[in-house]
Every structure is written in C-alpha cells, then in structure tokens.
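*Asks:* Input structure: work_28.cif, which contains mmCIF, C-alpha atoms.
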data_model
#
loop_
_atom_site.label_atom_id
_atom_site.label_comp_id
_atom_site.auth_asym_id
_atom_site.auth_seq_id
_atom_site.Cartn_x
_atom_site.Cartn_y
_atom_site.Cartn_z
CA MET A 945 0.00 0.00 0.00
CA ILE A 946 1.27 3.45 -0.88
CA ASP A 947 1.92 5.91 1.96
CA LYS A 948 0.29 9.33 2.12
CA ARG A 949 3.41 11.41 1.38
CA GLU A 950 4.34 9.31 -1.62
CA PHE A 951 0.77 9.49 -2.91
CA GLU A 952 0.66 13.28 -2.55
CA SER A 953 3.97 13.60 -4.38
CA ILE A 954 2.77 11.38 -7.23
CA PHE A 955 -0.51 13.30 -7.39
CA ARG A 956 1.22 16.69 -7.64
CA GLN A 957 3.74 15.47 -10.18
CA HIS A 958 1.38 13.64 -12.55
CA TYR A 959 -2.12 15.13 -12.21
CA ASP A 960 -1.79 17.81 -14.90
CA GLY A 961 -0.50 15.43 -17.56
CA MET A 962 -3.16 12.85 -16.75
CA PHE A 963 -5.89 15.50 -16.87
CA ARG A 964 -4.67 16.86 -20.22
CA LEU A 965 -4.75 13.36 -21.73
CA ALA A 966 -8.26 12.67 -20.42
CA ARG A 967 -9.46 16.10 -21.57
CA LYS A 968 -8.04 15.49 -25.04
CA MET A 969 -9.80 12.13 -25.30
CA LEU A 970 -13.13 13.06 -23.68
CA GLY A 971 -13.53 16.75 -24.44
CA ASP A 972 -15.14 17.37 -21.04
CA ASP A 973 -13.45 18.83 -17.95
CA GLU A 974 -15.70 17.18 -15.36
CA GLU A 975 -15.54 13.72 -16.91
CA SER A 976 -11.77 14.13 -17.24
CA LYS A 977 -11.47 14.98 -13.55
CA ASP A 978 -13.60 11.93 -12.71
CA VAL A 979 -11.38 9.65 -14.78
CA VAL A 980 -8.19 10.97 -13.19
CA SER A 981 -9.77 10.68 -9.73
CA ASP A 982 -10.69 7.07 -10.49
CA VAL A 983 -7.09 6.26 -11.45
CA PHE A 984 -5.74 7.87 -8.28
CA ALA A 985 -8.36 6.05 -6.19
CA GLN A 986 -7.22 2.77 -7.76
CA LEU A 987 -3.62 3.69 -6.99
CA LEU A 988 -4.43 4.62 -3.40
CA ASN A 989 -6.54 1.52 -2.72
CA GLY A 990 -4.48 -0.88 -4.80
CA ASP A 991 -1.64 -3.10 -3.79
CA MET A 992 0.59 -2.32 -6.74
CA ASP A 993 4.36 -2.41 -6.78
CA LEU A 994 5.23 1.01 -8.24
CA HIS A 995 8.50 1.76 -10.00
CA ALA A 996 9.58 5.35 -10.63
CA GLU A 997 10.79 4.60 -14.14
CA THR A 998 7.44 3.17 -15.28
CA LEU A 999 5.04 5.18 -13.11
CA GLN A 1000 4.20 7.90 -15.62
CA GLY A 1001 3.52 5.34 -18.35
CA PHE A 1002 1.36 3.30 -15.98
CA LEU A 1003 -0.70 6.34 -14.95
CA LEU A 1004 -1.18 7.60 -18.51
CA THR A 1005 -2.08 4.12 -19.75
CA SER A 1006 -4.60 3.79 -16.91
CA VAL A 1007 -6.17 7.13 -17.86
CA ARG A 1008 -6.30 6.14 -21.53
CA HIS A 1009 -7.99 2.81 -20.72
CA ARG A 1010 -10.56 4.45 -18.45
CA CYS A 1011 -11.34 7.04 -21.12
CA ILE A 1012 -11.77 4.33 -23.75
CA ASN A 1013 -14.04 2.34 -21.42
CA LEU A 1014 -16.12 5.46 -20.73
CA LEU A 1015 -16.44 6.26 -24.43
CA VAL A 1016 -17.40 2.66 -25.27
CA HIS A 1017 -19.94 2.66 -22.42
CA LYS A 1018 -21.45 5.89 -23.73
CA GLN A 1019 -21.72 4.45 -27.23
CA LYS A 1020 -23.39 1.29 -25.92
CA GLY A 1021 -25.83 3.38 -23.89
CA GLN A 1022 -26.73 5.46 -26.92
CA ALA A 1023 -27.21 2.34 -29.04
CA VAL A 1024 -29.51 0.82 -26.43
CA ILE A 1025 -31.60 3.98 -26.24
CA ILE A 1026 -31.95 4.08 -30.02
CA ASP A 1027 -32.86 0.37 -30.29
CA LEU A 1028 -35.59 0.36 -27.63
CA GLN A 1029 -39.16 -0.04 -28.76
CA PRO A 1030 -41.06 2.19 -26.31
CA GLU A 1031 -44.43 0.49 -26.80
CA ASP A 1032 -43.07 -2.95 -25.91
CA ASP A 1033 -40.43 -2.13 -23.32
CA ASP A 1034 -42.03 0.57 -21.17
CA GLN A 1035 -43.61 -1.86 -18.68
CA VAL A 1036 -40.53 -4.09 -18.45
CA GLU A 1037 -38.27 -1.06 -17.96
CA LYS A 1038 -40.61 0.35 -15.27
CA GLU A 1039 -40.58 -2.97 -13.40
CA GLN A 1040 -36.77 -3.15 -13.58
CA LEU A 1041 -36.46 0.41 -12.28
CA ASP A 1042 -38.92 -0.33 -9.48
CA THR A 1043 -36.87 -3.40 -8.50
CA LEU A 1044 -33.69 -1.34 -8.59
CA HIS A 1045 -35.13 1.46 -6.44
CA ARG A 1046 -36.65 -0.98 -3.97
CA TYR A 1047 -33.31 -2.80 -3.55
CA ILE A 1048 -31.43 0.48 -3.03
CA ASP A 1049 -33.98 1.67 -0.45
CA GLU A 1050 -34.10 -1.60 1.48
CA HIS A 1051 -30.54 -2.90 1.33
CA MET A 1052 -28.07 -0.04 0.95
CA SER A 1053 -26.69 2.39 3.50
CA GLY A 1054 -27.91 5.98 3.55
CA MET A 1055 -24.60 7.27 2.18
CA ALA A 1056 -24.59 4.75 -0.67
CA GLN A 1057 -28.18 5.72 -1.51
CA SER A 1058 -27.27 9.41 -1.54
CA VAL A 1059 -24.20 8.90 -3.72
CA LEU A 1060 -26.08 6.72 -6.22
CA ARG A 1061 -28.99 9.16 -6.51
CA LEU A 1062 -26.77 12.21 -6.87
CA ARG A 1063 -24.71 10.49 -9.56
CA TYR A 1064 -27.41 8.75 -11.59
CA GLN A 1065 -30.63 10.66 -10.94
CA GLN A 1066 -29.18 14.16 -10.79
CA GLY A 1067 -26.18 13.50 -13.04
CA LEU A 1068 -23.65 15.12 -10.71
CA LYS A 1069 -19.92 14.60 -11.18
CA TYR A 1070 -17.74 13.06 -8.45
CA ARG A 1071 -16.48 16.49 -7.29
CA GLU A 1072 -20.04 17.86 -7.04
CA ILE A 1073 -21.17 14.83 -5.04
CA ALA A 1074 -18.18 15.11 -2.74
CA ASP A 1075 -18.93 18.80 -2.14
CA ALA A 1076 -22.65 18.18 -1.56
CA LEU A 1077 -22.07 15.36 0.93
CA LYS A 1078 -18.90 16.82 2.51
CA ILE A 1079 -16.84 13.72 1.68
CA SER A 1080 -13.78 13.11 -0.48
CA GLU A 1081 -13.92 12.17 -4.13
CA VAL A 1082 -12.21 8.89 -3.24
CA THR A 1083 -15.07 8.13 -0.83
CA VAL A 1084 -17.57 8.91 -3.60
CA TYR A 1085 -15.70 6.54 -5.90
CA ASN A 1086 -15.60 3.81 -3.26
CA HIS A 1087 -19.34 4.06 -2.53
CA LEU A 1088 -20.18 3.99 -6.23
CA SER A 1089 -17.94 1.07 -7.09
CA GLN A 1090 -19.12 -1.02 -4.12
CA SER A 1091 -22.77 -0.16 -4.72
CA LEU A 1092 -22.63 -0.93 -8.42
CA LYS A 1093 -20.92 -4.26 -7.75
CA GLU A 1094 -23.62 -5.11 -5.21
CA LEU A 1095 -26.40 -4.13 -7.65
CA LYS A 1096 -24.76 -6.11 -10.45
CA ASP A 1097 -24.54 -9.21 -8.25
CA TYR A 1098 -28.16 -8.79 -7.14
CA PHE A 1099 -29.50 -8.47 -10.68
CA LYS A 1100 -27.38 -11.42 -11.81
CA SER A 1101 -29.00 -13.47 -9.03
CA LEU A 1102 -32.41 -12.51 -10.45
CA GLY A 1103 -31.39 -13.89 -13.83
CA TYR A 1104 -30.73 -10.65 -15.69
CA GLY A 1105 -28.01 -10.96 -18.31
CA ILE A 1106 -25.49 -8.53 -16.86
CA GLU A 1107 -21.85 -8.57 -17.96
#
How would this structure read if it were set down as structure tokens?
*Replies:*
Amino acid sequence: MIDKREFESIFRQHYDGMFRLARKMLGDDEESKDVVSDVFAQLLNGDMDLHAETLQGFLLTSVRHRCINLLVHKQKGQAVIIDLQPEDDDQVEKEQLDTLHRYIDEHMSGMAQSVLRLRYQQGLKYREIADALKISEVTVYNHLSQSLKELKDYFKSLGYGIE
C-alpha cells in the first residue's frame, strides 16, 4: 500500500498530464477529472508495486484505458436507447427500475443511496457529489464502485443478463 506522502507527491507530479490526456480524449473537464480521480483512487486503494521509471507510463495508460471504457460505455448506452421499442419495453423497464429502487432503499446504507442518486438521478460529477455530501472524491468513488458491484450481483442473481 502506498503511503500518504508518496501518494501526494505522485498526485502533484502527474495530475496535470493525466488530466490533459483525459481532456483530449473526452472533451469534457468534469468527466476528465472523474477519470483521473478514479485512477488515483485505484492507486491509493491498490496493492501495486510502483517503480519510478514506469510510473508515468502506468498512470497515462490507466487514464487512456478508463477514457476508452467510458467512451465505449457511452456508445453502448446510446445504441440501447436508439434500439428500444417504447411500446413494448415501457412496462418491463418500469418494473426493472422499481426493483432497482426498492433494492437500493431496502438494502443499501444511507450514504450509498445518496451517492447513487446524486450520480445517476441528478447526473452530478464526483467532485459535485463530494462537495454536496462533505466527503472526499475517493469516498464517492468507493461508494459507487461497491454499490454498483452489489447491484450487479443482485440483478445477476435474479437472472438478468449482466456482464
């Protein structure tokens, strides 16, 4: 695990370059900040063996992969929206959303509920959520990643085809 001083030094040294790369790929400041925050959260929470000579390449590659994943996810989301037949799918979609909301209300902590709703119902960025809830961006990331994993596992157990 990386110590706090080393993490702060790495953050100060590499943040600008990582942000510029994400901004170039995504074209959006807030999404770029989220991607860079995700990479630093992974670094902070991970158990990686870091080497000074490969650190910059590792960080930039991590940013590039996260940007690509985000762009692919956006494209898939747009394709799904275009392909839906509203007359046929409205009731199924409503039932799925009801199941999702019921699970969140009954099984998740208050903080996880708040983070999920601010992110996905109000569309706030990590920084905005952190400011609203008076928590760090890393905490926002942790709540989101744990909550989404829990939701994914739950819906898999119900037989939904989730990757």
*Asks:* I'd like to see the residues matched by the PyMOL selection byres ((chain A and resi 1081) around 9) on this file, and ideally I'd get them as a list in words.
*Replies:* Asp978, Ser981, Asp982, Ala985, Tyr1070, Arg1071, Glu1072, Ile1073, Ala1074, Asp1075, Ile1079, Ser1080, Val1082, Thr1083, Val1084, Tyr1085 and Asn1086 of chain A
*Asks:* Quick check, in Å to one decimal: how far apart do atom CA of A:Lys1100 and atom CA of A:Met1055 lie?
*Replies:*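 Atom-to-atom, atom CA of A:Lys1100 and atom CA of A:Met1055 are spaced 23.5 Å apart.
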*Asks:* Got a sec: who's within 12 Å of A:Asp972, counting all atoms listed in the file, leaving out chain neighbours fewer than 6 positions off, as a compact mmCIF listing (two decimals) with C-alpha atoms, in the frame of the given file?
*Replies:*
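Here's the written file selection16.txt:
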# COMPACT_ATOMS: atom_id res chain seq x y z
CA PHE A 963 -5.89 15.50 -16.87
CA ARG A 964 -4.67 16.86 -20.22
CA LEU A 965 -4.75 13.36 -21.73
CA ALA A 966 -8.26 12.67 -20.42
CA ASP A 978 -13.60 11.93 -12.71
CA VAL A 979 -11.38 9.65 -14.78
CA CYS A 1011 -11.34 7.04 -21.12
CA LEU A 1014 -16.12 5.46 -20.73
CA LEU A 1015 -16.44 6.26 -24.43
CA LYS A 1069 -19.92 14.60 -11.18
*Asks:* Would you mind telling me which residue in A:Ala1076, A:Leu994, A:Leu1060, A:Leu988 lies nearest to A:Phe955 when using only C-alpha atoms?
*Replies:*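 Result for the nearest residue to A:Phe955: A:Leu988.
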*Asks:* Between atom CA of A:Gln1000 and atom CA of A:Arg956, what is the distance, to one decimal in Å?
*Replies:*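 Calculated distance between atom CA of A:Gln1000 and atom CA of A:Arg956 is 12.2 Å.
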*Asks:* What does the PyMOL selection byres ((chain A and resi 1061) around 12) select in this file, as a PyMOL selection string?
*Replies:* chain A and resi 1044-1045+1048-1049+1052+1054-1060+1062-1069+1073+1077+1084+1087-1088+1091
*Asks:* Considering all atoms listed in the file, can you say which of A:Lys977, A:Leu1004, A:His995, A:Asn989 comes closest to A:Gly961?
*Replies:*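 Looking at the shortest contact to A:Gly961, the residue is A:Leu1004.
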*Asks:* Could you tell me how far atom CA of A:Glu997 lies from atom CA of A:Glu952, in Å and to one decimal?
*Replies:*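 Distance between the two atoms: 17.7 Å.
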*Asks:* Take every atom of stretch 1012-1016 of chain A listed in the file, pad by 8 Å on each side, and give me the axis-aligned box centre and edge lengths in Å, one decimal, as JSON.
*Replies:*
{"center_x": -14.6, "center_y": 4.3, "center_z": -23.0, "size_x": 21.6, "size_y": 19.9, "size_z": 20.5}
*Asks:* Name the closest residue to A:Val1007 among the candidates A:Tyr1047, A:Tyr959, A:Phe951, A:Tyr1098; distances are taken between atoms, counting all atoms listed in the file.
*Replies:* A:Tyr959
